[in-house]
Each structure stands twice: as C-alpha cells, then as structure tokens.
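Participant: File structure14.txt below, compact mmCIF, C-alpha atoms and all ligand atoms:
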# COMPACT_ATOMS: atom_id res chain seq x y z
CA MET A 111 13.69 21.77 -14.55
CA SER A 112 15.38 18.59 -13.28
CA GLU A 113 16.05 17.97 -9.62
CA ILE A 114 17.96 15.74 -7.23
CA TYR A 115 16.25 14.85 -3.99
CA THR A 116 16.22 11.99 -1.49
CA LEU A 117 13.24 9.92 -0.46
CA HIS A 118 13.11 7.75 2.67
CA VAL A 119 11.61 4.56 1.27
CA ASN A 120 11.25 1.33 3.22
CA GLY A 121 13.90 2.39 5.71
CA GLN A 122 16.46 3.37 3.07
CA GLU A 123 17.63 6.68 1.66
CA ARG A 124 16.91 6.61 -2.06
CA GLU A 125 18.31 9.38 -4.24
CA VAL A 126 16.18 10.50 -7.15
CA ARG A 127 18.25 12.15 -9.88
CA ASP A 128 17.35 14.15 -12.95
CA ALA A 129 13.68 14.06 -12.09
CA TRP A 130 11.06 16.48 -13.27
CA ILE A 131 9.87 18.20 -10.13
CA GLY A 132 6.20 17.45 -10.89
CA GLU A 133 6.53 13.65 -11.11
CA ASN A 134 4.11 11.79 -8.94
CA LEU A 135 5.23 9.36 -6.27
CA LEU A 136 3.84 6.34 -8.11
CA TYR A 137 5.97 7.13 -11.17
CA VAL A 138 9.09 7.74 -9.09
CA LEU A 139 8.66 4.55 -7.05
CA ARG A 140 8.15 2.39 -10.11
CA GLU A 141 10.16 3.99 -12.88
CA ARG A 142 13.01 5.62 -10.99
CA LEU A 143 13.43 3.42 -7.92
CA GLY A 144 12.34 0.06 -9.36
CA LEU A 145 9.73 -0.61 -6.69
CA MET A 146 6.97 -2.24 -8.71
CA ALA A 147 4.47 -3.29 -6.02
CA ALA A 148 2.34 -0.16 -6.20
CA LYS A 149 0.36 -0.37 -9.44
CA GLY A 150 -0.98 2.35 -11.69
CA ALA A 151 -4.49 1.97 -13.05
CA CYS A 152 -6.79 4.99 -12.88
CA GLU A 153 -3.99 7.48 -12.06
CA GLN A 154 -6.61 9.77 -10.51
CA GLY A 155 -7.17 8.52 -6.97
CA GLU A 156 -10.12 6.27 -7.73
CA CYS A 157 -8.85 2.68 -7.56
CA GLY A 158 -6.34 2.43 -4.72
CA SER A 159 -3.99 0.16 -6.66
CA CYS A 160 -1.15 2.61 -6.04
CA SER A 161 -1.67 2.79 -2.25
CA VAL A 162 1.40 3.35 -0.07
CA GLN A 163 2.03 4.82 3.36
CA VAL A 164 3.56 8.30 3.51
CA GLY A 165 4.27 9.67 6.97
CA GLY A 166 2.13 6.95 8.48
CA GLU A 167 -0.89 7.83 6.36
CA LEU A 168 -2.38 5.71 3.61
CA VAL A 169 -2.26 7.66 0.35
CA CYS A 170 -2.74 7.16 -3.35
CA ALA A 171 0.78 7.53 -4.72
CA CYS A 172 -0.61 8.75 -8.03
CA LEU A 173 -1.91 11.88 -6.29
CA VAL A 174 1.23 12.79 -4.34
CA MET A 175 4.12 14.74 -5.83
CA ALA A 176 7.21 12.70 -5.02
CA ALA A 177 9.27 15.77 -4.21
CA ALA A 178 6.69 16.76 -1.60
CA ALA A 179 7.36 13.53 0.29
CA VAL A 180 11.08 14.12 0.95
CA ASP A 181 10.72 14.49 4.69
CA GLU A 182 8.33 11.61 5.24
CA PRO A 183 8.91 7.87 5.68
CA ILE A 184 7.41 6.02 2.73
CA VAL A 185 6.38 2.36 3.01
CA THR A 186 5.48 0.14 0.07
CA VAL A 187 4.67 -3.56 0.05
CA GLU A 188 8.36 -4.24 -0.61
CA GLY A 189 9.09 -2.67 2.77
CA LEU A 190 6.86 -4.99 4.74
CA GLY A 191 9.56 -7.67 4.78
CA ASP A 192 11.39 -10.22 2.66
CA ALA A 193 9.11 -13.05 3.70
CA PRO A 194 5.35 -12.87 3.14
CA THR A 195 3.61 -11.12 6.01
CA ASP A 196 0.65 -12.57 7.86
CA VAL A 197 -1.58 -10.28 5.79
CA GLN A 198 -0.14 -11.60 2.53
CA ARG A 199 -0.44 -15.21 3.70
CA ALA A 200 -4.05 -14.64 4.75
CA PHE A 201 -4.91 -13.27 1.30
CA VAL A 202 -3.54 -16.47 -0.22
CA ASP A 203 -5.15 -18.76 2.36
CA THR A 204 -8.61 -17.25 1.96
CA GLY A 205 -8.48 -16.98 -1.83
CA ALA A 206 -8.59 -13.18 -1.72
CA VAL A 207 -6.31 -12.99 -4.76
CA GLN A 208 -7.29 -13.68 -8.33
CA CYS A 209 -5.47 -11.68 -11.03
CA GLY A 210 -3.57 -9.92 -8.24
CA PHE A 211 -3.51 -6.47 -9.81
CA CYS A 212 -5.31 -4.85 -6.88
CA THR A 213 -3.55 -6.98 -4.28
CA PRO A 214 -0.51 -4.82 -3.41
CA GLY A 215 -2.77 -1.84 -2.81
CA LEU A 216 -5.08 -3.93 -0.68
CA ILE A 217 -2.18 -5.46 1.25
CA ILE A 218 -0.78 -2.09 2.24
CA ALA A 219 -4.30 -0.81 3.02
CA ALA A 220 -4.98 -3.87 5.19
CA HIS A 221 -1.58 -3.46 6.87
CA HIS A 222 -2.44 0.18 7.60
CA LEU A 223 -5.91 -0.70 8.88
CA LEU A 224 -4.54 -3.32 11.28
CA GLU A 225 -1.99 -0.81 12.60
CA GLN A 226 -4.87 1.52 13.46
CA HIS A 227 -7.43 -1.07 14.65
CA SER A 228 -6.39 -4.35 16.23
CA GLU A 229 -10.02 -5.47 16.45
CA PRO A 230 -11.68 -3.98 13.37
CA THR A 231 -15.37 -4.53 12.86
CA GLU A 232 -16.57 -5.69 9.47
CA MET A 233 -17.89 -2.17 8.86
CA GLN A 234 -14.49 -0.65 9.69
CA ILE A 235 -12.80 -3.07 7.31
CA ARG A 236 -15.28 -2.24 4.56
CA GLU A 237 -14.85 1.50 5.14
CA GLU A 238 -11.05 1.39 5.34
CA LEU A 239 -10.73 -0.69 2.19
CA SER A 240 -13.45 1.14 0.30
CA GLY A 241 -10.86 3.14 -1.63
CA ASN A 242 -9.45 -0.06 -3.14
CA VAL A 243 -11.19 -1.49 -6.17
CA CYS A 244 -10.99 -5.19 -6.99
CA ARG A 245 -12.53 -6.38 -10.24
CA CYS A 246 -12.00 -10.12 -9.76
CA THR A 247 -12.60 -11.65 -6.38
CA GLY A 248 -15.40 -9.64 -4.84
CA TYR A 249 -14.73 -8.41 -1.36
CA GLY A 250 -15.94 -11.26 0.86
CA ARG A 251 -12.64 -13.10 0.90
CA ILE A 252 -10.63 -9.92 1.25
CA ILE A 253 -12.62 -9.01 4.36
CA GLU A 254 -12.26 -12.57 5.60
CA ALA A 255 -8.47 -12.32 5.18
CA VAL A 256 -8.26 -9.16 7.29
CA GLN A 257 -10.51 -10.67 9.97
CA GLN A 258 -8.34 -13.78 10.03
CA VAL A 259 -5.18 -11.75 10.63
CA ALA A 260 -6.83 -9.71 13.39
CA VAL A 261 -7.96 -12.87 15.20
CA THR A 262 -4.61 -14.62 14.78
CA ARG A 263 -2.70 -11.59 16.08
CA ARG A 264 -4.98 -11.30 19.12
CA GLU A 265 -4.58 -14.99 19.89
CA GLY A 266 -0.80 -14.69 19.48
CA ALA A 267 -0.74 -11.73 21.88
CA ARG A 268 -2.43 -13.71 24.67
S1 LIG B 1 -3.70 4.54 -9.78
FE1 LIG B 1 -3.75 5.75 -8.00
S2 LIG B 1 -5.76 5.53 -7.24
FE2 LIG B 1 -5.77 4.45 -9.13
S1 LIG B 2 -7.72 -9.78 -7.82
FE1 LIG B 2 -7.95 -8.99 -9.83
S2 LIG B 2 -8.50 -6.91 -9.52
FE2 LIG B 2 -8.46 -7.74 -7.56
Translate this structure into structure tokens?
Facilitator:
Amino acid sequence: MSEIYTLHVNGQEREVRDAWIGENLLYVLRERLGLMAAKGACEQGECGSCSVQVGGELVCACLVMAAAAVDEPIVTVEGLGDAPTDVQRAFVDTGAVQCGFCTPGLIIAAHHLLEQHSEPTEMQIREELSGNVCRCTGYGRIIEAVQQVAVTRREGAR
C-alpha cells in the first residue's frame, strides 16, 4: 500500500508521496527527501551513523518508521544551519574527523548532548556518544571536541 504523509523536517513541511508505509526514517530522509547527512551502515541500531533528533530525542533513524514520526519535529545535520556549527568546527579543529562516515551521526549526538548538559563530564560524554561507532579516529579527539564546545559556550555566556 502506498501512502502520502507529511514530515516536519528541519523546520519545513516535507511531503512524502507514494511511499510504502513500512519505510524507515533513514530511507525516507535520504532517498525520498534528499537529506544525505544521516548515513546507513548497520541498519539495525548498532552504529549510530543514522542518528537524528525526533521530537527532541536522539534516535537511530534506521529503527524508526517514517510514518510514525509525522507529528514530531525531526532534525538532521542539515537542519543545524547553513554555516558550520561550533560543534562541526570543533570536530575539524581537534582532528575528530578522518573518513567522516560516522561524523554526521556524532555531530547530531554531540549537539543533542550539549542541549541536555551544558557542562558534561567526560563520563557523560562517553556515555551519551557510546551509541556512535567510529572506526577511524578513536574517541579521544571526539571527546575533546565536545569538551571544547562546552567550554567555549560557557565562556561566551559570561
Ligand atoms: S545505520 Fe542505524 S544504527 Fe547503524
Ligand atoms: S571518522 Fe571514519 S568512521 Fe569515524
């Protein structure tokens, strides 16, 4: 059965036409709406490369039926702004990016973490990002990037 429904993605109403009702959100974002930041790897909730926010929660888009997200605001890396965010710049500055495949998932996870905790401990950062697998850089520089953003934001708020 094909369906038409509307998703609220990155502040815009995006109509999804002729979709199979069981398509997951990752597929719909990438293949139907052209939003390529969220990546598919494991497709079973193990790697975090497909992370997005749905209704303010961090989720694996590969595990969410797109049609079940019609009433929720969805945020992908594309929705964080046209210019690189402080989180994205910190990943570059600290060398937290190598091949970059995991990076969009980690960026949205770090963005989510810093919304919840303005002064995250290293343990909180490790726990919050533990659902995101990186095969290239190791995690030291990723953690450093998040810490750098937290410090810079606090200093900017003074
Ligand atoms: S592709 Fe969704 S968690 Fe790996
Ligand atoms: S930078 Fe390559 S998987 Fe993380």
Participant: Please, which residues have at least one atom within 12 Å of an atom of ligand LIG 2 (chain B), using all atoms listed in the file, listed as a ChimeraX atom specification?
Facilitator: /A:149,151,157-159,201-202,205-217,242-252
Participant: Restrict the selected residues to C-alpha atoms and save them as a PDB file, keeping the file's coordinate frame.
Facilitator:
ATOM      1  CA  LYS A 149       0.360  -0.370  -9.440  1.00  0.00           C
ATOM      2  CA  ALA A 151      -4.490   1.970 -13.050  1.00  0.00           C
ATOM      3  CA  CYS A 157      -8.850   2.680  -7.560  1.00  0.00           C
ATOM      4  CA  GLY A 158      -6.340   2.430  -4.720  1.00  0.00           C
ATOM      5  CA  SER A 159      -3.990   0.160  -6.660  1.00  0.00           C
ATOM      6  CA  PHE A 201      -4.910 -13.270   1.300  1.00  0.00           C
ATOM      7  CA  VAL A 202      -3.540 -16.470  -0.220  1.00  0.00           C
ATOM      8  CA  GLY A 205      -8.480 -16.980  -1.830  1.00  0.00           C
ATOM      9  CA  ALA A 206      -8.590 -13.180  -1.720  1.00  0.00           C
ATOM     10  CA  VAL A 207      -6.310 -12.990  -4.760  1.00  0.00           C
ATOM     11  CA  GLN A 208      -7.290 -13.680  -8.330  1.00  0.00           C
ATOM     12  CA  CYS A 209      -5.470 -11.680 -11.030  1.00  0.00           C
ATOM     13  CA  GLY A 210      -3.570  -9.920  -8.240  1.00  0.00           C
ATOM     14  CA  PHE A 211      -3.510  -6.470  -9.810  1.00  0.00           C
ATOM     15  CA  CYS A 212      -5.310  -4.850  -6.880  1.00  0.00           C
ATOM     16  CA  THR A 213      -3.550  -6.980  -4.280  1.00  0.00           C
ATOM     17  CA  PRO A 214      -0.510  -4.820  -3.410  1.00  0.00           C
ATOM     18  CA  GLY A 215      -2.770  -1.840  -2.810  1.00  0.00           C
ATOM     19  CA  LEU A 216      -5.080  -3.930  -0.680  1.00  0.00           C
ATOM     20  CA  ILE A 217      -2.180  -5.460   1.250  1.00  0.00           C
ATOM     21  CA  ASN A 242      -9.450  -0.060  -3.140  1.00  0.00           C
ATOM     22  CA  VAL A 243     -11.190  -1.490  -6.170  1.00  0.00           C
ATOM     23  CA  CYS A 244     -10.990  -5.190  -6.990  1.00  0.00           C
ATOM     24  CA  ARG A 245     -12.530  -6.380 -10.240  1.00  0.00           C
ATOM     25  CA  CYS A 246     -12.000 -10.120  -9.760  1.00  0.00           C
ATOM     26  CA  THR A 247     -12.600 -11.650  -6.380  1.00  0.00           C
ATOM     27  CA  GLY A 248     -15.400  -9.640  -4.840  1.00  0.00           C
ATOM     28  CA  TYR A 249     -14.730  -8.410  -1.360  1.00  0.00           C
ATOM     29  CA  GLY A 250     -15.940 -11.260   0.860  1.00  0.00           C
ATOM     30  CA  ARG A 251     -12.640 -13.100   0.900  1.00  0.00           C
ATOM     31  CA  ILE A 252     -10.630  -9.920   1.250  1.00  0.00           C
TER      32      ILE A 252
END
Participant: Applying 12 Å and all atoms listed in the file, which residues near Gly166 (chain A) remain after dropping the ones on its own chain fewer than 3 positions away? List them as a PyMOL selection string.
Facilitator: chain A and resi 120+162-163+169+179+182-186+218-219+221-223+225-226
Participant: Would you list the residues near (-3.3, -16.9, 13.2), meaning any protein, DNA or RNA residue with an atom at most 12 Å from that point in file coordinates, counting all atoms listed in the file, as a VMD selection string?
Facilitator: chain A and resid 195 to 197 199 to 200 203 255 to 268
Participant: Would you name the residues within 8 Å of ligand LIG 1 (chain B), counting all atoms listed in the file, and put them as a count of residues only?
Facilitator: 20
Participant: Within 10 Å of Ala177 (chain A), counting all atoms listed in the file, which residues show up once you throw out same-chain ones fewer than 5 positions away? Write them as a ChimeraX atom specification, please.
Facilitator: /A:113-117,126,129-135,138
Participant: Have a look at CA of Gln198 (chain A) and CA of Arg236 (chain A) and let me know their distance in Å, one decimal.
Facilitator: 17.9 Å
